[in-house]
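This report refers to the structure that appears directly beneath it.
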Amino acid sequence: MEALIEFYTVVYDQQFSPCGSYLATADNYGRIAVFNITRAQSLAVENGTASHVIKAHKGPIYSLATSGQLLLSGGSDCIKVWAWSEITTSSTCQPKAELVAKETRCHDCEVNSMAVNNNTLYAGCGDSSVYVWDLQNSSVKAIYNGHQDYVHAVCLRPGSNQLLSASEDGSLCIWDTVSAMDKPVKTLHPSSKQDKKEFVTCISCNSTGDWMACGGSMSPCVYHMSSLSNAITLPVPNKVVTQAVLFESEKLITAGSEAIVRHWTINGTSTATVPSSQLHVFSLAANKKSSHKVLSVAGSSPKVDIFTNYGYKAFSFMVTDNKQ
């Protein structure tokens with residue numbers, strides 16, 4: 001049974017702890033696996049296993065987010081709030097809170113992506129809405145309705161009061177998080193093929209909020225946010241679906257339905273194509289606290305690849321529960 005679970009494991013999302021010493025991953029079996037990244041870097045053991053694994057949700061966990069010393073996990077049942085201090089030390093820890101709003105449509109629909117600003121959580125869900133949660137009182141304080149199909153990704157734009165959301169319907173909405181408006185202030189359609197439905201799966205903004213990258217079934221592209229113009233289209237191979245984009249250290253990293261992680265300059269020049277253990281990458285995460293520019297790559301495999309300097313594969317973790 002353990003061999004079958006390991007074979008069919010899919011890691012949907014991941015987050016580094018605020019201290020940078022731990023990596024948490026979320027998979028299709030509702031598990032959060034916790035890895036000691038500091039210890040692993042010193043040993044560099046290939047296919048090192050998790051420190052411990054927590055059965056966190058009944059079904060798949062699609063998204064993780066960090067807010068201060070808290071880790072949030074979003075599945076198809078609810079959003080759970082964990083303390084990093086507890087989740088990194090015990091496989092039997094319990095959530096600090098569960099966010100369930102039965103009076104809204106987000107009950108029993110998947111939480112595909114989350115973004116946090118102070119005590120406000122933005123959750124992009126499978127019912128085409130973005131739910132705005134007040135974490136202090138565990139209540140929904142607003143619902144953003146602007147998409148016609150499920151929301152794949154949400155992203156806060158640095159230096160602004162804007163939230164971006166990407167959808168299966170091919171739209172990318174920009175929301176004003178300060179006003180009481182529940183409609184987007186602007187809706188973009190990144191695909192250039194008006195006669196073909198193409199979806200948008202991922203978004204990332206650079207540290208200043210001047211640039212935004214998005215990807216999906218169309219070629220990934222980079223927008224200049226002040227003019228909202230599509231400045232650059234990245235020349236990825238045809239039929240490659242981009243599932244993850246990440247701005248880091250003034251470079252752009254993309255990955256998706258190929259066993260490759262691609263590196264680009266801000267002007268769209270390809271600088272590296274790095275092999276990955278995943279045939280399909282779903283998540284990229286950078287360790288902000290590491291001096292070695294650590295990049296973690298996860299997807300359709302129980303392996304989680306760890307790259308130093310973003311381009312050199314140092315080792316892989318293996319998501320497995322020895323208690324299964």
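By order of appearance in the structure tokens: chains A, B, ..., then residues from 1 within every chain, and ligands from 1 in the order shown.
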Item to check | Distance query stretch 53-64 of chain A at most 6 Å, only C-alpha atoms, self and fewer than 3 positions along chain excluded, as a PyMOL selection string | outcome: chain A and resi 12-13+26-33+72-75+91+112-113+321
Save the residues we just selected, C-alpha atoms, as an mmCIF file, in the first residue's frame?
```
data_model
loop_
_atom_site.group_PDB
_atom_site.id
_atom_site.type_symbol
_atom_site.label_atom_id
_atom_site.label_comp_id
_atom_site.auth_asym_id
_atom_site.auth_seq_id
_atom_site.Cartn_x
_atom_site.Cartn_y
_atom_site.Cartn_z
ATOM 1 C CA TYR A 12 0.607 20.630 -5.275
ATOM 2 C CA ASP A 13 2.223 23.349 -3.176
ATOM 3 C CA ALA A 26 1.115 19.606 0.520
ATOM 4 C CA ASP A 27 -0.048 16.608 -1.491
ATOM 5 C CA ASN A 28 -3.034 14.839 -2.985
ATOM 6 C CA TYR A 29 -3.429 12.564 0.064
ATOM 7 C CA GLY A 30 -4.136 15.491 2.389
ATOM 8 C CA ARG A 31 -0.699 15.316 3.980
ATOM 9 C CA ILE A 32 1.695 18.041 5.043
ATOM 10 C CA ALA A 33 5.265 16.744 4.969
ATOM 11 C CA LEU A 72 -2.350 27.906 6.249
ATOM 12 C CA SER A 73 -3.462 24.871 4.240
ATOM 13 C CA GLY A 74 -6.335 24.900 1.770
ATOM 14 C CA GLY A 75 -8.102 21.762 0.577
ATOM 15 C CA SER A 91 3.170 14.792 13.594
ATOM 16 C CA ASN A 112 -6.546 26.426 -5.225
ATOM 17 C CA SER A 113 -4.418 29.368 -4.109
ATOM 18 C CA ASP A 321 5.110 8.545 5.398
#
```
Next on the checklist: Among stretch 43-275 of chain A, which residues does DSSP mark as alpha helix (DSSP H) when it is run on the backbone? Keep the chain and numbering as in the structure and answer as a PyMOL selection string.
Outcome noted: chain A and resi 43+84-87
Do you have, as JSON lines, the list of residues of stretch 47-124 of chain A lying at most 12 Å from stretch 156-164 of chain A, each with its nearest atom pair and that distance in Å to one decimal, counting only C-alpha atoms and ordered by chain then number?
```
{"residue": "A:Ser113", "atom": "CA", "partner": "A:Leu164", "partner_atom": "CA", "distance": 11.4}
{"residue": "A:Met114", "atom": "CA", "partner": "A:Leu156", "partner_atom": "CA", "distance": 9.7}
{"residue": "A:Ala115", "atom": "CA", "partner": "A:Leu156", "partner_atom": "CA", "distance": 6.6}
{"residue": "A:Val116", "atom": "CA", "partner": "A:Leu156", "partner_atom": "CA", "distance": 7.9}
{"residue": "A:Asn117", "atom": "CA", "partner": "A:Leu156", "partner_atom": "CA", "distance": 8.0}
{"residue": "A:Asn118", "atom": "CA", "partner": "A:Leu156", "partner_atom": "CA", "distance": 11.7}
{"residue": "A:Thr120", "atom": "CA", "partner": "A:Leu156", "partner_atom": "CA", "distance": 11.3}
{"residue": "A:Leu121", "atom": "CA", "partner": "A:Leu156", "partner_atom": "CA", "distance": 10.5}
{"residue": "A:Tyr122", "atom": "CA", "partner": "A:Leu163", "partner_atom": "CA", "distance": 8.5}
{"residue": "A:Ala123", "atom": "CA", "partner": "A:Leu163", "partner_atom": "CA", "distance": 10.9}
{"residue": "A:Gly124", "atom": "CA", "partner": "A:Leu164", "partner_atom": "CA", "distance": 10.1}
```
Output file for the residues above (N, CA and C atoms, as a PDB file, in the first residue's frame):
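The new file part-v4.pdb reads:
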```pdb
ATOM      1  N   SER A 113      -5.528  28.448  -4.328  1.00  0.00           N
ATOM      2  CA  SER A 113      -4.418  29.368  -4.109  1.00  0.00           C
ATOM      3  C   SER A 113      -4.774  30.340  -2.991  1.00  0.00           C
ATOM      4  N   MET A 114      -3.763  30.749  -2.219  1.00  0.00           N
ATOM      5  CA  MET A 114      -3.990  31.688  -1.131  1.00  0.00           C
ATOM      6  C   MET A 114      -2.885  32.737  -1.094  1.00  0.00           C
ATOM      7  N   ALA A 115      -3.253  33.935  -0.656  1.00  0.00           N
ATOM      8  CA  ALA A 115      -2.299  35.017  -0.425  1.00  0.00           C
ATOM      9  C   ALA A 115      -2.709  35.727   0.852  1.00  0.00           C
ATOM     10  N   VAL A 116      -1.718  36.148   1.642  1.00  0.00           N
ATOM     11  CA  VAL A 116      -1.999  36.742   2.952  1.00  0.00           C
ATOM     12  C   VAL A 116      -1.331  38.101   3.069  1.00  0.00           C
ATOM     13  N   ASN A 117      -2.074  39.053   3.606  1.00  0.00           N
ATOM     14  CA  ASN A 117      -1.538  40.373   3.927  1.00  0.00           C
ATOM     15  C   ASN A 117      -2.017  40.744   5.320  1.00  0.00           C
ATOM     16  N   ASN A 118      -1.071  40.773   6.281  1.00  0.00           N
ATOM     17  CA  ASN A 118      -1.408  41.022   7.688  1.00  0.00           C
ATOM     18  C   ASN A 118      -2.444  39.994   8.156  1.00  0.00           C
ATOM     19  N   THR A 120      -5.435  39.484   6.750  1.00  0.00           N
ATOM     20  CA  THR A 120      -6.409  39.229   5.691  1.00  0.00           C
ATOM     21  C   THR A 120      -5.907  38.121   4.780  1.00  0.00           C
ATOM     22  N   LEU A 121      -6.756  37.136   4.551  1.00  0.00           N
ATOM     23  CA  LEU A 121      -6.444  36.005   3.674  1.00  0.00           C
ATOM     24  C   LEU A 121      -7.312  36.076   2.432  1.00  0.00           C
ATOM     25  N   TYR A 122      -6.682  35.936   1.265  1.00  0.00           N
ATOM     26  CA  TYR A 122      -7.394  35.884  -0.005  1.00  0.00           C
ATOM     27  C   TYR A 122      -7.296  34.455  -0.534  1.00  0.00           C
ATOM     28  N   ALA A 123      -8.441  33.832  -0.759  1.00  0.00           N
ATOM     29  CA  ALA A 123      -8.472  32.431  -1.179  1.00  0.00           C
ATOM     30  C   ALA A 123      -9.172  32.304  -2.527  1.00  0.00           C
ATOM     31  N   GLY A 124      -8.428  31.855  -3.542  1.00  0.00           N
ATOM     32  CA  GLY A 124      -9.003  31.612  -4.862  1.00  0.00           C
ATOM     33  C   GLY A 124      -9.559  30.206  -4.925  1.00  0.00           C
TER      34      GLY A 124
END
```
Counting only C-alpha atoms, which residues in stretch 15-64 of chain A sit no more than 12 Å from stretch 281-298 of chain A? For each one, give the nearest pair of atoms and the distance in Å, sorted by chain then residue number, as a Markdown table.
```
| residue | atom | partner | partner_atom | distance |
| --- | --- | --- | --- | --- |
| A:Gln15 | CA | A:Ala285 | CA | 6.6 |
| A:Phe16 | CA | A:Asn287 | CA | 6.1 |
| A:Ser17 | CA | A:Asn287 | CA | 8.5 |
| A:Pro18 | CA | A:Lys289 | CA | 7.7 |
| A:Cys19 | CA | A:Lys289 | CA | 6.6 |
| A:Gly20 | CA | A:Lys289 | CA | 4.9 |
| A:Ser21 | CA | A:Lys289 | CA | 8.2 |
| A:Tyr22 | CA | A:Asn287 | CA | 9.4 |
| A:Leu23 | CA | A:Ser296 | CA | 8.8 |
| A:Ala24 | CA | A:Ala285 | CA | 10.5 |
| A:Thr25 | CA | A:Ala298 | CA | 8.5 |
| A:Ala26 | CA | A:Ala298 | CA | 9.7 |
| A:Asp27 | CA | A:Ala298 | CA | 9.9 |
| A:Phe35 | CA | A:Ser296 | CA | 11.6 |
| A:Ile37 | CA | A:Asn287 | CA | 9.6 |
| A:Thr38 | CA | A:Ser290 | CA | 9.0 |
| A:Gln41 | CA | A:Val294 | CA | 9.8 |
| A:Tyr62 | CA | A:Phe282 | CA | 10.0 |
| A:Ser63 | CA | A:Ser283 | CA | 9.7 |
| A:Leu64 | CA | A:Ser283 | CA | 10.6 |
```
Given the selection you just returned, output its residues as a file containing C-alpha atoms, formatted as a JSON list (two decimals), in the first residue's frame.
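Produced file out_20.json, reproduced below:
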```
[["chain", "number", "residue", "atom", "x", "y", "z"],
["A", 15, "GLN", "CA", 6.15, 26.84, 1.69],
["A", 16, "PHE", "CA", 9.39, 27.58, 3.52],
["A", 17, "SER", "CA", 9.08, 28.45, 7.22],
["A", 18, "PRO", "CA", 9.66, 32.09, 8.27],
["A", 19, "CYS", "CA", 13.02, 31.10, 9.78],
["A", 20, "GLY", "CA", 14.05, 29.36, 6.56],
["A", 21, "SER", "CA", 14.99, 26.11, 8.32],
["A", 22, "TYR", "CA", 11.97, 24.04, 7.24],
["A", 23, "LEU", "CA", 10.03, 23.22, 4.09],
["A", 24, "ALA", "CA", 6.39, 22.12, 4.21],
["A", 25, "THR", "CA", 4.76, 20.39, 1.23],
["A", 26, "ALA", "CA", 1.11, 19.61, 0.52],
["A", 27, "ASP", "CA", -0.05, 16.61, -1.49],
["A", 35, "PHE", "CA", 11.54, 18.69, 5.94],
["A", 37, "ILE", "CA", 16.11, 22.04, 5.00],
["A", 38, "THR", "CA", 19.06, 23.29, 7.09],
["A", 41, "GLN", "CA", 21.76, 21.03, 3.12],
["A", 62, "TYR", "CA", -4.09, 22.30, -3.12],
["A", 63, "SER", "CA", -2.46, 25.34, -1.54],
["A", 64, "LEU", "CA", -0.28, 26.56, 1.31]]
```
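The smallest atom-to-atom distance between A:Cys221 and any of A:Val178, A:Cys205, A:Leu135, A:Met318, using only C-alpha atoms, is found for A:Cys205.
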Checklist entry - Between atom CA of A:Asp149 and atom CA of A:Met218, what is the spacing in Å? => result 16.7 Å
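Across A:Lys183, A:His152, A:Lys303, A:Arg262, the tightest approach to A:Gln278 is made by A:Lys303 when counting only C-alpha atoms.
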Checklist entry - Per DSSP on the backbone, what are the strand (DSSP E) residues of stretch 5-49 of chain A, as a list in words? => result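 Here is the list: Val11, Tyr12, Asp13, Gln14, Gln15, Phe16, Tyr22, Leu23, Ala24, Thr25, Ala26, Asp27, Arg31, Ile32, Ala33, Val34, Phe35, Asn36, Gly48 and Thr49 of chain A.
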Selected residues written out, C-alpha atoms, as a JSON list (two decimals), in the first residue's frame:
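Output contents, as saved in selection.json:
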```json
[["chain", "number", "residue", "atom", "x", "y", "z"],
["A", 11, "VAL", "CA", 2.78, 17.62, -4.50],
["A", 12, "TYR", "CA", 0.61, 20.63, -5.27],
["A", 13, "ASP", "CA", 2.22, 23.35, -3.18],
["A", 14, "GLN", "CA", 5.00, 24.14, -0.72],
["A", 15, "GLN", "CA", 6.15, 26.84, 1.69],
["A", 16, "PHE", "CA", 9.39, 27.58, 3.52],
["A", 22, "TYR", "CA", 11.97, 24.04, 7.24],
["A", 23, "LEU", "CA", 10.03, 23.22, 4.09],
["A", 24, "ALA", "CA", 6.39, 22.12, 4.21],
["A", 25, "THR", "CA", 4.76, 20.39, 1.23],
["A", 26, "ALA", "CA", 1.11, 19.61, 0.52],
["A", 27, "ASP", "CA", -0.05, 16.61, -1.49],
["A", 31, "ARG", "CA", -0.70, 15.32, 3.98],
["A", 32, "ILE", "CA", 1.70, 18.04, 5.04],
["A", 33, "ALA", "CA", 5.26, 16.74, 4.97],
["A", 34, "VAL", "CA", 7.86, 18.71, 6.93],
["A", 35, "PHE", "CA", 11.54, 18.69, 5.94],
["A", 36, "ASN", "CA", 14.50, 20.12, 7.85],
["A", 48, "GLY", "CA", 16.04, 12.24, 2.19],
["A", 49, "THR", "CA", 12.70, 11.62, 3.87]]
```
Checklist entry - Quick one: residues within 9 Å of A:Gly268, only C-alpha atoms counted, chain neighbours fewer than 6 positions away excluded, as number ranges by chain? => result A: 221-222, 232-235, 252
Those selected residues, please, written with C-alpha atoms and delivered as a PDB file, in the first residue's frame.
```
ATOM      1  CA  CYS A 221       3.992  36.617 -20.681  1.00  0.00           C
ATOM      2  CA  VAL A 222       5.246  39.596 -18.698  1.00  0.00           C
ATOM      3  CA  ILE A 232       7.105  40.267 -23.369  1.00  0.00           C
ATOM      4  CA  THR A 233       5.994  36.800 -24.445  1.00  0.00           C
ATOM      5  CA  LEU A 234       8.350  34.018 -23.378  1.00  0.00           C
ATOM      6  CA  PRO A 235       9.164  31.501 -26.147  1.00  0.00           C
ATOM      7  CA  LEU A 252      11.993  34.984 -13.825  1.00  0.00           C
TER       8      LEU A 252
END
```
Next on the checklist: Between A:Lys313, A:Lys239, A:Lys80, A:His147, which residue has the minimum interatomic distance to A:Pro275, considering only C-alpha atoms?
Outcome noted: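 That would be A:Lys313, the residue with the smallest distance to A:Pro275.
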Item to check | Interatomic distance, atom CA of A:Glu86 to atom CA of A:Thr66 (Å, one decimal) | outcome: 14.1 Å
Item to check | Nearest candidate to A:Cys214 (options A:Thr254, A:Ser179, A:Lys197, A:Pro237; using only C-alpha atoms) | outcome: A:Thr254
